[in-house]
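This is target_20.txt. It holds compact mmCIF, N, CA and C atoms and all ligand atoms.
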# COMPACT_ATOMS: atom_id res chain seq x y z
N MET S 1164 -74.13 239.88 63.48
CA MET S 1164 -75.13 240.95 63.33
C MET S 1164 -74.63 242.04 62.37
N LEU S 1165 -73.34 242.39 62.49
CA LEU S 1165 -72.79 243.40 61.58
C LEU S 1165 -71.99 242.68 60.50
N ASN S 1166 -72.39 242.83 59.25
CA ASN S 1166 -71.74 242.09 58.16
C ASN S 1166 -70.40 242.69 57.77
N ARG S 1167 -70.34 244.00 57.71
CA ARG S 1167 -69.11 244.68 57.28
C ARG S 1167 -69.30 246.16 57.51
N ILE S 1168 -68.20 246.91 57.40
CA ILE S 1168 -68.32 248.36 57.34
C ILE S 1168 -68.78 248.67 55.92
N TYR S 1169 -70.00 249.15 55.79
CA TYR S 1169 -70.53 249.45 54.46
C TYR S 1169 -69.93 250.75 53.93
N HIS S 1170 -69.92 251.78 54.77
CA HIS S 1170 -69.20 252.99 54.37
C HIS S 1170 -68.78 253.82 55.58
N LEU S 1171 -67.83 254.72 55.32
CA LEU S 1171 -67.51 255.80 56.24
C LEU S 1171 -68.05 257.06 55.59
N GLY S 1172 -68.79 257.85 56.34
CA GLY S 1172 -69.40 259.07 55.80
C GLY S 1172 -68.56 260.28 56.14
N TYR S 1173 -68.22 261.05 55.10
CA TYR S 1173 -67.48 262.30 55.28
C TYR S 1173 -68.41 263.46 54.97
N ALA S 1174 -68.50 264.42 55.86
CA ALA S 1174 -69.27 265.64 55.59
C ALA S 1174 -68.40 266.61 54.81
N VAL S 1175 -68.91 267.07 53.66
CA VAL S 1175 -68.15 267.99 52.80
C VAL S 1175 -69.02 269.19 52.45
N GLU S 1176 -68.35 270.30 52.20
CA GLU S 1176 -69.04 271.53 51.79
C GLU S 1176 -69.42 271.46 50.31
N ASP S 1177 -68.58 270.80 49.51
CA ASP S 1177 -68.72 270.82 48.05
C ASP S 1177 -68.45 269.42 47.51
N ILE S 1178 -69.53 268.69 47.26
CA ILE S 1178 -69.40 267.28 46.87
C ILE S 1178 -68.69 267.14 45.53
N GLU S 1179 -68.86 268.13 44.68
CA GLU S 1179 -68.20 268.12 43.36
C GLU S 1179 -66.68 268.20 43.54
N ALA S 1180 -66.24 269.16 44.35
CA ALA S 1180 -64.80 269.33 44.58
C ALA S 1180 -64.21 268.11 45.27
N ALA S 1181 -64.94 267.55 46.24
CA ALA S 1181 -64.44 266.37 46.96
C ALA S 1181 -64.37 265.18 46.01
N SER S 1182 -65.36 265.03 45.12
CA SER S 1182 -65.35 263.92 44.16
C SER S 1182 -64.14 264.02 43.24
N ILE S 1183 -63.89 265.22 42.74
CA ILE S 1183 -62.75 265.43 41.83
C ILE S 1183 -61.44 265.12 42.56
N PHE S 1184 -61.36 265.53 43.81
CA PHE S 1184 -60.15 265.24 44.61
C PHE S 1184 -59.88 263.73 44.65
N TYR S 1185 -60.91 262.94 44.96
CA TYR S 1185 -60.70 261.48 45.07
C TYR S 1185 -60.51 260.83 43.70
N GLU S 1186 -61.15 261.37 42.67
CA GLU S 1186 -60.96 260.83 41.32
C GLU S 1186 -59.53 261.09 40.85
N GLU S 1187 -59.09 262.33 40.97
CA GLU S 1187 -57.80 262.70 40.38
C GLU S 1187 -56.63 262.16 41.17
N ASN S 1188 -56.76 262.10 42.48
CA ASN S 1188 -55.61 261.71 43.30
C ASN S 1188 -55.60 260.25 43.68
N PHE S 1189 -56.78 259.61 43.72
CA PHE S 1189 -56.84 258.23 44.19
C PHE S 1189 -57.51 257.29 43.17
N GLY S 1190 -57.84 257.81 41.98
CA GLY S 1190 -58.45 256.96 40.97
C GLY S 1190 -59.81 256.44 41.36
N ALA S 1191 -60.49 257.13 42.27
CA ALA S 1191 -61.81 256.68 42.72
C ALA S 1191 -62.84 256.80 41.58
N VAL S 1192 -63.77 255.86 41.56
CA VAL S 1192 -64.87 255.89 40.59
C VAL S 1192 -66.14 256.22 41.37
N LEU S 1193 -66.62 257.45 41.18
CA LEU S 1193 -67.76 257.95 41.95
C LEU S 1193 -69.07 257.60 41.27
N GLY S 1194 -70.08 257.29 42.06
CA GLY S 1194 -71.43 257.12 41.54
C GLY S 1194 -72.07 258.48 41.29
N GLU S 1195 -73.23 258.46 40.65
CA GLU S 1195 -74.01 259.69 40.46
C GLU S 1195 -74.46 260.20 41.84
N PRO S 1196 -74.26 261.48 42.13
CA PRO S 1196 -74.77 262.01 43.39
C PRO S 1196 -76.30 261.87 43.46
N GLU S 1197 -76.78 261.47 44.64
CA GLU S 1197 -78.22 261.24 44.82
C GLU S 1197 -78.71 262.12 45.97
N VAL S 1198 -79.80 262.83 45.71
CA VAL S 1198 -80.40 263.67 46.74
C VAL S 1198 -81.33 262.80 47.60
N VAL S 1199 -81.15 262.87 48.92
CA VAL S 1199 -82.08 262.22 49.85
C VAL S 1199 -82.73 263.36 50.63
N GLU S 1200 -83.89 263.80 50.14
CA GLU S 1200 -84.50 265.03 50.65
C GLU S 1200 -84.88 264.90 52.12
N GLU S 1201 -85.34 263.71 52.53
CA GLU S 1201 -85.73 263.50 53.94
C GLU S 1201 -84.57 263.81 54.89
N GLN S 1202 -83.36 263.51 54.44
CA GLN S 1202 -82.19 263.74 55.30
C GLN S 1202 -81.52 265.09 55.01
N GLY S 1203 -81.98 265.78 53.96
CA GLY S 1203 -81.38 267.06 53.59
C GLY S 1203 -79.94 266.92 53.12
N ILE S 1204 -79.70 265.85 52.33
CA ILE S 1204 -78.33 265.62 51.84
C ILE S 1204 -78.32 265.28 50.37
N VAL S 1205 -77.14 265.50 49.77
CA VAL S 1205 -76.82 264.87 48.50
C VAL S 1205 -75.57 264.04 48.78
N ALA S 1206 -75.57 262.78 48.29
CA ALA S 1206 -74.51 261.84 48.66
C ALA S 1206 -74.03 261.07 47.45
N THR S 1207 -72.77 260.70 47.49
CA THR S 1207 -72.22 259.80 46.48
C THR S 1207 -71.18 258.92 47.17
N MET S 1208 -70.87 257.79 46.54
CA MET S 1208 -69.93 256.86 47.17
C MET S 1208 -68.89 256.40 46.17
N PHE S 1209 -67.75 256.00 46.71
CA PHE S 1209 -66.79 255.23 45.91
C PHE S 1209 -66.28 254.06 46.72
N ARG S 1210 -65.93 253.02 45.98
CA ARG S 1210 -65.60 251.75 46.59
C ARG S 1210 -64.14 251.72 47.04
N VAL S 1211 -63.93 251.12 48.20
CA VAL S 1211 -62.58 250.82 48.68
C VAL S 1211 -62.63 249.40 49.22
N GLY S 1212 -62.14 248.44 48.43
CA GLY S 1212 -62.24 247.04 48.85
C GLY S 1212 -63.70 246.65 49.02
N GLU S 1213 -64.05 246.08 50.17
CA GLU S 1213 -65.46 245.68 50.36
C GLU S 1213 -66.26 246.77 51.06
N SER S 1214 -65.64 247.94 51.25
CA SER S 1214 -66.33 249.06 51.86
C SER S 1214 -66.39 250.23 50.88
N ASN S 1215 -66.95 251.32 51.34
CA ASN S 1215 -67.08 252.52 50.51
C ASN S 1215 -66.78 253.75 51.36
N ILE S 1216 -66.46 254.82 50.67
CA ILE S 1216 -66.44 256.13 51.29
C ILE S 1216 -67.66 256.88 50.76
N GLU S 1217 -68.46 257.44 51.65
CA GLU S 1217 -69.64 258.21 51.27
C GLU S 1217 -69.34 259.70 51.49
N LEU S 1218 -69.48 260.48 50.45
CA LEU S 1218 -69.34 261.93 50.56
C LEU S 1218 -70.74 262.51 50.72
N VAL S 1219 -70.92 263.32 51.74
CA VAL S 1219 -72.25 263.84 52.06
C VAL S 1219 -72.19 265.36 52.15
N GLN S 1220 -73.00 266.00 51.33
CA GLN S 1220 -73.11 267.46 51.37
C GLN S 1220 -74.55 267.83 51.75
N PRO S 1221 -74.72 268.76 52.67
CA PRO S 1221 -76.09 269.15 53.01
C PRO S 1221 -76.76 269.91 51.87
N THR S 1222 -78.07 269.75 51.75
CA THR S 1222 -78.83 270.53 50.76
C THR S 1222 -79.46 271.76 51.42
N ARG S 1223 -79.43 271.80 52.75
CA ARG S 1223 -79.93 272.98 53.47
C ARG S 1223 -79.19 273.08 54.80
N PRO S 1224 -78.95 274.32 55.26
CA PRO S 1224 -78.12 274.51 56.45
C PRO S 1224 -78.75 273.98 57.73
N ASP S 1225 -80.10 273.81 57.76
CA ASP S 1225 -80.73 273.35 59.00
C ASP S 1225 -80.88 271.82 59.05
N SER S 1226 -80.31 271.12 58.06
CA SER S 1226 -80.33 269.66 58.11
C SER S 1226 -79.27 269.19 59.11
N PRO S 1227 -79.37 267.94 59.58
CA PRO S 1227 -78.36 267.47 60.55
C PRO S 1227 -76.92 267.63 60.04
N VAL S 1228 -76.68 267.31 58.78
CA VAL S 1228 -75.30 267.44 58.26
C VAL S 1228 -74.92 268.91 58.11
N GLY S 1229 -75.91 269.76 57.75
CA GLY S 1229 -75.65 271.20 57.69
C GLY S 1229 -75.23 271.76 59.04
N LYS S 1230 -75.92 271.31 60.08
CA LYS S 1230 -75.57 271.77 61.44
C LYS S 1230 -74.21 271.23 61.87
N PHE S 1231 -73.95 269.99 61.50
CA PHE S 1231 -72.64 269.39 61.81
C PHE S 1231 -71.52 270.22 61.19
N LEU S 1232 -71.68 270.57 59.91
CA LEU S 1232 -70.64 271.35 59.22
C LEU S 1232 -70.43 272.71 59.87
N ALA S 1233 -71.54 273.36 60.24
CA ALA S 1233 -71.44 274.68 60.85
C ALA S 1233 -70.69 274.61 62.18
N LYS S 1234 -70.92 273.51 62.92
CA LYS S 1234 -70.36 273.38 64.27
C LYS S 1234 -68.94 272.81 64.25
N ARG S 1235 -68.73 271.79 63.42
CA ARG S 1235 -67.47 271.03 63.50
C ARG S 1235 -66.61 271.18 62.27
N GLY S 1236 -67.19 271.64 61.16
CA GLY S 1236 -66.42 271.72 59.91
C GLY S 1236 -66.38 270.38 59.20
N GLU S 1237 -65.69 270.35 58.08
CA GLU S 1237 -65.64 269.14 57.27
C GLU S 1237 -64.87 268.04 57.99
N GLY S 1238 -65.20 266.80 57.61
CA GLY S 1238 -64.44 265.68 58.15
C GLY S 1238 -65.29 264.45 58.37
N PHE S 1239 -64.73 263.51 59.14
CA PHE S 1239 -65.43 262.26 59.41
C PHE S 1239 -66.76 262.55 60.10
N HIS S 1240 -67.83 261.91 59.61
CA HIS S 1240 -69.17 262.18 60.14
C HIS S 1240 -69.83 260.94 60.75
N HIS S 1241 -69.79 259.81 60.06
CA HIS S 1241 -70.43 258.60 60.61
C HIS S 1241 -69.85 257.33 60.00
N VAL S 1242 -70.07 256.23 60.71
CA VAL S 1242 -69.74 254.91 60.19
C VAL S 1242 -71.06 254.20 59.90
N ALA S 1243 -71.09 253.43 58.82
CA ALA S 1243 -72.29 252.67 58.47
C ALA S 1243 -71.95 251.19 58.41
N PHE S 1244 -72.71 250.40 59.18
CA PHE S 1244 -72.56 248.95 59.17
C PHE S 1244 -73.69 248.33 58.36
N GLU S 1245 -73.36 247.33 57.57
CA GLU S 1245 -74.40 246.59 56.85
C GLU S 1245 -74.98 245.52 57.76
N VAL S 1246 -76.30 245.46 57.81
CA VAL S 1246 -77.00 244.40 58.55
C VAL S 1246 -78.00 243.72 57.62
N ASP S 1247 -78.35 242.47 57.95
CA ASP S 1247 -79.31 241.74 57.10
C ASP S 1247 -80.74 242.17 57.38
N ASP S 1248 -81.03 242.38 58.65
CA ASP S 1248 -82.41 242.60 59.08
C ASP S 1248 -82.46 243.85 59.95
N LEU S 1249 -82.71 244.98 59.30
CA LEU S 1249 -82.63 246.25 60.03
C LEU S 1249 -83.72 246.35 61.10
N SER S 1250 -84.94 245.96 60.76
CA SER S 1250 -86.03 246.05 61.75
C SER S 1250 -85.72 245.20 62.97
N GLY S 1251 -85.24 243.98 62.75
CA GLY S 1251 -84.89 243.10 63.85
C GLY S 1251 -83.75 243.65 64.68
N THR S 1252 -82.75 244.23 64.01
CA THR S 1252 -81.61 244.82 64.71
C THR S 1252 -82.06 245.99 65.58
N LEU S 1253 -82.94 246.84 65.04
CA LEU S 1253 -83.44 247.99 65.81
C LEU S 1253 -84.24 247.54 67.02
N ALA S 1254 -85.05 246.50 66.83
CA ALA S 1254 -85.86 245.99 67.95
C ALA S 1254 -84.95 245.49 69.06
N GLU S 1255 -83.88 244.79 68.68
CA GLU S 1255 -82.96 244.25 69.68
C GLU S 1255 -82.22 245.38 70.41
N LEU S 1256 -81.78 246.39 69.65
CA LEU S 1256 -81.08 247.52 70.27
C LEU S 1256 -82.00 248.24 71.24
N GLU S 1257 -83.26 248.40 70.85
CA GLU S 1257 -84.22 249.07 71.72
C GLU S 1257 -84.43 248.28 73.00
N ARG S 1258 -84.56 246.98 72.87
CA ARG S 1258 -84.69 246.11 74.06
C ARG S 1258 -83.49 246.27 74.99
N ASN S 1259 -82.31 246.49 74.39
CA ASN S 1259 -81.08 246.63 75.18
C ASN S 1259 -80.89 248.04 75.72
N GLY S 1260 -81.83 248.94 75.39
CA GLY S 1260 -81.77 250.29 75.92
C GLY S 1260 -80.78 251.20 75.20
N VAL S 1261 -80.40 250.84 73.98
CA VAL S 1261 -79.48 251.68 73.20
C VAL S 1261 -80.26 252.89 72.66
N GLU S 1262 -79.66 254.06 72.77
CA GLU S 1262 -80.35 255.29 72.34
C GLU S 1262 -80.30 255.41 70.81
N LEU S 1263 -81.48 255.41 70.20
CA LEU S 1263 -81.57 255.45 68.74
C LEU S 1263 -82.05 256.83 68.28
N ILE S 1264 -81.57 257.27 67.13
CA ILE S 1264 -82.15 258.45 66.48
C ILE S 1264 -83.40 258.02 65.72
N ASP S 1265 -83.31 256.87 65.05
CA ASP S 1265 -84.44 256.34 64.27
C ASP S 1265 -84.91 255.03 64.88
N GLU S 1266 -86.14 255.02 65.37
CA GLU S 1266 -86.68 253.76 65.88
C GLU S 1266 -87.24 252.90 64.76
N GLU S 1267 -87.53 253.56 63.63
CA GLU S 1267 -88.01 252.83 62.46
C GLU S 1267 -87.05 253.08 61.30
N PRO S 1268 -86.88 252.10 60.40
CA PRO S 1268 -86.03 252.32 59.23
C PRO S 1268 -86.57 253.46 58.37
N ARG S 1269 -85.67 254.19 57.73
CA ARG S 1269 -86.10 255.18 56.74
C ARG S 1269 -85.33 254.97 55.46
N ARG S 1270 -85.73 255.72 54.43
CA ARG S 1270 -85.16 255.54 53.10
C ARG S 1270 -83.76 256.13 53.04
N GLY S 1271 -82.80 255.35 52.55
CA GLY S 1271 -81.46 255.86 52.30
C GLY S 1271 -81.20 255.93 50.81
N ALA S 1272 -79.98 256.27 50.44
CA ALA S 1272 -79.61 256.35 49.03
C ALA S 1272 -79.59 254.94 48.43
N GLY S 1273 -79.82 254.87 47.12
CA GLY S 1273 -79.67 253.61 46.40
C GLY S 1273 -80.64 252.52 46.81
N GLY S 1274 -81.84 252.91 47.24
CA GLY S 1274 -82.85 251.91 47.59
C GLY S 1274 -82.59 251.19 48.90
N THR S 1275 -81.67 251.72 49.71
CA THR S 1275 -81.37 251.08 51.00
C THR S 1275 -82.40 251.52 52.05
N ARG S 1276 -82.44 250.77 53.15
CA ARG S 1276 -83.16 251.19 54.35
C ARG S 1276 -82.11 251.45 55.41
N VAL S 1277 -82.25 252.57 56.10
CA VAL S 1277 -81.20 252.97 57.05
C VAL S 1277 -81.83 253.43 58.36
N ALA S 1278 -81.02 253.40 59.41
CA ALA S 1278 -81.41 253.98 60.70
C ALA S 1278 -80.13 254.37 61.42
N PHE S 1279 -80.24 255.41 62.23
CA PHE S 1279 -79.07 255.91 62.95
C PHE S 1279 -79.18 255.65 64.45
N VAL S 1280 -78.05 255.24 65.03
CA VAL S 1280 -77.90 255.11 66.47
C VAL S 1280 -77.29 256.41 66.97
N HIS S 1281 -77.80 256.93 68.07
CA HIS S 1281 -77.30 258.22 68.57
C HIS S 1281 -75.85 258.10 69.04
N PRO S 1282 -75.01 259.08 68.70
CA PRO S 1282 -73.61 259.01 69.16
C PRO S 1282 -73.48 258.93 70.67
N ARG S 1283 -74.46 259.50 71.42
CA ARG S 1283 -74.42 259.40 72.89
C ARG S 1283 -74.44 257.95 73.35
N GLY S 1284 -75.12 257.10 72.58
CA GLY S 1284 -75.22 255.70 72.97
C GLY S 1284 -74.15 254.83 72.34
N ALA S 1285 -73.24 255.45 71.59
CA ALA S 1285 -72.25 254.66 70.83
C ALA S 1285 -70.86 255.27 70.95
N PHE S 1286 -70.52 255.71 72.18
CA PHE S 1286 -69.17 256.19 72.48
C PHE S 1286 -68.74 257.33 71.55
N GLY S 1287 -69.71 258.20 71.24
CA GLY S 1287 -69.38 259.41 70.49
C GLY S 1287 -69.35 259.26 68.99
N VAL S 1288 -69.64 258.06 68.49
CA VAL S 1288 -69.60 257.85 67.03
C VAL S 1288 -71.02 257.71 66.49
N LEU S 1289 -71.40 258.62 65.61
CA LEU S 1289 -72.69 258.49 64.92
C LEU S 1289 -72.64 257.22 64.09
N THR S 1290 -73.58 256.32 64.32
CA THR S 1290 -73.54 254.97 63.73
C THR S 1290 -74.81 254.73 62.92
N GLU S 1291 -74.61 254.42 61.64
CA GLU S 1291 -75.72 254.14 60.73
C GLU S 1291 -75.79 252.64 60.49
N LEU S 1292 -76.99 252.12 60.45
CA LEU S 1292 -77.20 250.71 60.09
C LEU S 1292 -77.90 250.69 58.74
N VAL S 1293 -77.40 249.88 57.84
CA VAL S 1293 -77.91 249.87 56.47
C VAL S 1293 -78.32 248.46 56.07
N GLU S 1294 -79.54 248.36 55.56
CA GLU S 1294 -79.99 247.10 54.94
C GLU S 1294 -80.06 247.34 53.44
N LEU S 1295 -79.33 246.55 52.69
CA LEU S 1295 -79.29 246.73 51.24
C LEU S 1295 -80.58 246.22 50.62
N PRO S 1296 -80.94 246.77 49.44
CA PRO S 1296 -82.15 246.25 48.78
C PRO S 1296 -81.96 244.79 48.42
N HIS S 1297 -83.02 244.02 48.60
CA HIS S 1297 -82.92 242.59 48.30
C HIS S 1297 -83.23 242.37 46.84
N ALA S 1298 -82.38 241.59 46.19
CA ALA S 1298 -82.52 241.36 44.74
C ALA S 1298 -83.79 240.58 44.43
CO CO R 1 -74.21 257.07 55.41
Go ahead and render the structure in this file as structure tokens.
Ligand code: CO
Amino acid sequence: MLNRIYHLGYAVEDIEAASIFYEENFGAVLGEPEVVEEQGIVATMFRVGESNIELVQPTRPDSPVGKFLAKRGEGFHHVAFEVDDLSGTLAELERNGVELIDEEPRRGAGGTRVAFVHPRGAFGVLTELVELPHA
């Protein structure tokens, strides 16, 4: 059901500064930052093996990531697993009584479809499920 860890999401105050940090110190190659207005974020990723690190900066303080930063500060925010069939996965999780933030897929960065599982239902870890765009 879970193909791989697609990315680890880090909440940052300044995506530009964080990008430069990973470029200069780790040779990371960052994508163009993309605004996802529905989620109130701007995000970019860099590849690490078959996974990625996603840097996420809020575009407004009342967005979920904005509230996270105000409460917890910068740092690890969520794990994202790649799945083949997001709608089917969500239906199965719902049948199993798993607490979801998103019962329906929504638009993610890079043409993906994403949905979040509530950390209460996942041992304290905010868990994102990602279906990549089909070629
Ligand atoms: Co993510």
Practice problem: Take atom CA of Glu1197 of chain S and atom CA of Leu1289 of chain S and report the distance between them in Å, one decimal. | Solution: 21.0 Å
Practice problem: Produce as a PyMOL selection string the set of residues near ligand CO 1 (chain R), where near means within 7 Å with all atoms listed in the file considered. | Solution: chain S and resi 1170-1172+1217+1241-1243+1291
Those residues you just picked out, can you put them in a file as an mmCIF file, keeping the file's coordinate frame with N, CA and C atoms?
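Just written: out30.cif:
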data_model
loop_
_atom_site.group_PDB
_atom_site.id
_atom_site.type_symbol
_atom_site.label_atom_id
_atom_site.label_comp_id
_atom_site.auth_asym_id
_atom_site.auth_seq_id
_atom_site.Cartn_x
_atom_site.Cartn_y
_atom_site.Cartn_z
ATOM 1 N N HIS S 1170 -69.920 251.780 54.770
ATOM 2 C CA HIS S 1170 -69.200 252.990 54.370
ATOM 3 C C HIS S 1170 -68.780 253.820 55.580
ATOM 4 N N LEU S 1171 -67.830 254.720 55.320
ATOM 5 C CA LEU S 1171 -67.510 255.800 56.240
ATOM 6 C C LEU S 1171 -68.050 257.060 55.590
ATOM 7 N N GLY S 1172 -68.790 257.850 56.340
ATOM 8 C CA GLY S 1172 -69.400 259.070 55.800
ATOM 9 C C GLY S 1172 -68.560 260.280 56.140
ATOM 10 N N GLU S 1217 -68.460 257.440 51.650
ATOM 11 C CA GLU S 1217 -69.640 258.210 51.270
ATOM 12 C C GLU S 1217 -69.340 259.700 51.490
ATOM 13 N N HIS S 1241 -69.790 259.810 60.060
ATOM 14 C CA HIS S 1241 -70.430 258.600 60.610
ATOM 15 C C HIS S 1241 -69.850 257.330 60.000
ATOM 16 N N VAL S 1242 -70.070 256.230 60.710
ATOM 17 C CA VAL S 1242 -69.740 254.910 60.190
ATOM 18 C C VAL S 1242 -71.060 254.200 59.900
ATOM 19 N N ALA S 1243 -71.090 253.430 58.820
ATOM 20 C CA ALA S 1243 -72.290 252.670 58.470
ATOM 21 C C ALA S 1243 -71.950 251.190 58.410
ATOM 22 N N GLU S 1291 -74.610 254.420 61.640
ATOM 23 C CA GLU S 1291 -75.720 254.140 60.730
ATOM 24 C C GLU S 1291 -75.790 252.640 60.490
#
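Each of S:Glu1294, S:Asp1247, S:Ile1204, S:Val1261 was compared to Pro1224 of chain S using only C-alpha atoms, and S:Ile1204 turns out to be the nearest.
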Quiz item: Among segment 1204-1298 of chain S, which residues carry a DSSP assignment of strand (DSSP E or B), reported as a PyMOL selection string?
Solution: chain S and resi 1204-1211+1214-1221+1238-1245+1263+1269-1270+1276-1280+1290-1294
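The space between atom CA of Glu1176 of chain S and atom CA of Arg1283 of chain S spans 24.9 Å.
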Could you give me, as a PDB file with N, CA and C atoms, in the coordinates of the input, the residues within 8 Å of Leu1253 of chain S, counting all atoms listed in the file and dropping anything in the same chain fewer than 3 positions from it?
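Generated output (result34.pdb):
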ATOM      1  N   ASP S1248     -81.030 242.380  58.650  1.00  0.00           N
ATOM      2  CA  ASP S1248     -82.410 242.600  59.080  1.00  0.00           C
ATOM      3  C   ASP S1248     -82.460 243.850  59.950  1.00  0.00           C
ATOM      4  N   LEU S1249     -82.710 244.980  59.300  1.00  0.00           N
ATOM      5  CA  LEU S1249     -82.630 246.250  60.030  1.00  0.00           C
ATOM      6  C   LEU S1249     -83.720 246.350  61.100  1.00  0.00           C
ATOM      7  N   SER S1250     -84.940 245.960  60.760  1.00  0.00           N
ATOM      8  CA  SER S1250     -86.030 246.050  61.750  1.00  0.00           C
ATOM      9  C   SER S1250     -85.720 245.200  62.970  1.00  0.00           C
ATOM     10  N   LEU S1256     -81.780 246.390  69.650  1.00  0.00           N
ATOM     11  CA  LEU S1256     -81.080 247.520  70.270  1.00  0.00           C
ATOM     12  C   LEU S1256     -82.000 248.240  71.240  1.00  0.00           C
ATOM     13  N   GLU S1257     -83.260 248.400  70.850  1.00  0.00           N
ATOM     14  CA  GLU S1257     -84.220 249.070  71.720  1.00  0.00           C
ATOM     15  C   GLU S1257     -84.430 248.280  73.000  1.00  0.00           C
ATOM     16  N   ARG S1258     -84.560 246.980  72.870  1.00  0.00           N
ATOM     17  CA  ARG S1258     -84.690 246.110  74.060  1.00  0.00           C
ATOM     18  C   ARG S1258     -83.490 246.270  74.990  1.00  0.00           C
ATOM     19  N   ASN S1259     -82.310 246.490  74.390  1.00  0.00           N
ATOM     20  CA  ASN S1259     -81.080 246.630  75.180  1.00  0.00           C
ATOM     21  C   ASN S1259     -80.890 248.040  75.720  1.00  0.00           C
ATOM     22  N   ASP S1265     -83.310 256.870  65.050  1.00  0.00           N
ATOM     23  CA  ASP S1265     -84.440 256.340  64.270  1.00  0.00           C
ATOM     24  C   ASP S1265     -84.910 255.030  64.880  1.00  0.00           C
ATOM     25  N   GLU S1266     -86.140 255.020  65.370  1.00  0.00           N
ATOM     26  CA  GLU S1266     -86.680 253.760  65.880  1.00  0.00           C
ATOM     27  C   GLU S1266     -87.240 252.900  64.760  1.00  0.00           C
ATOM     28  N   GLU S1267     -87.530 253.560  63.630  1.00  0.00           N
ATOM     29  CA  GLU S1267     -88.010 252.830  62.460  1.00  0.00           C
ATOM     30  C   GLU S1267     -87.050 253.080  61.300  1.00  0.00           C
ATOM     31  N   PRO S1268     -86.880 252.100  60.400  1.00  0.00           N
ATOM     32  CA  PRO S1268     -86.030 252.320  59.230  1.00  0.00           C
ATOM     33  C   PRO S1268     -86.570 253.460  58.370  1.00  0.00           C
TER      34      PRO S1268
END
Quiz item: Neighbours of Val1205 of chain S within 12 Å (only C-alpha atoms; same-chain residues fewer than 4 positions away dropped), as a list in words?
Solution: Gly1172, Tyr1173, Ala1174, Val1175, Glu1176, Asp1177, Ile1178, Glu1179, Gly1194, Glu1195, Pro1196, Glu1197, Val1198, Val1199, Glu1200, Glu1201, Glu1217, Leu1218, Val1219, Gln1220, Pro1221, Thr1222, Arg1223, Ser1226, Val1228, Gly1229, Gly1271, Ala1272 and Gly1273 of chain S
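If you measure from each of S:Phe1244, S:Tyr1185, S:Phe1231, S:Phe1286 to Asn1166 of chain S using all atoms listed in the file, the closest one turns out to be S:Phe1244.
With atom C of Glu1213 of chain S on one side and atom N of Thr1275 of chain S on the other, the separation reads 16.2 Å.
You can rank S:Glu1262, S:Glu1237, S:Glu1245, S:Asp1225 by their closest distance to Arg1167 of chain S using only C-alpha atoms, and at the top of that list sits S:Glu1245.
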Practice problem: Could you give me the residues within chain S that DSSP places in helix (DSSP H, G or I), as an NGL selection string? | Solution: :S and (1178-1189 or 1200-1202 or 1227-1235 or 1249-1258 or 1272-1274 or 1282-1284)
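Once all atoms listed in the file are considered, the residues situated within 5 Å of the file point (-66.6, 247.9, 52.6) turn out to be Ile1168, Tyr1169, Gly1212, Glu1213, Ser1214 and Asn1215 of chain S.
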Quiz item: Nearest to Pro1282 of chain S among S:Gly1251, S:Pro1227, S:Ile1264, S:Ala1180, with distances taken over only C-alpha atoms: which residue is it?
Solution: S:Ile1264
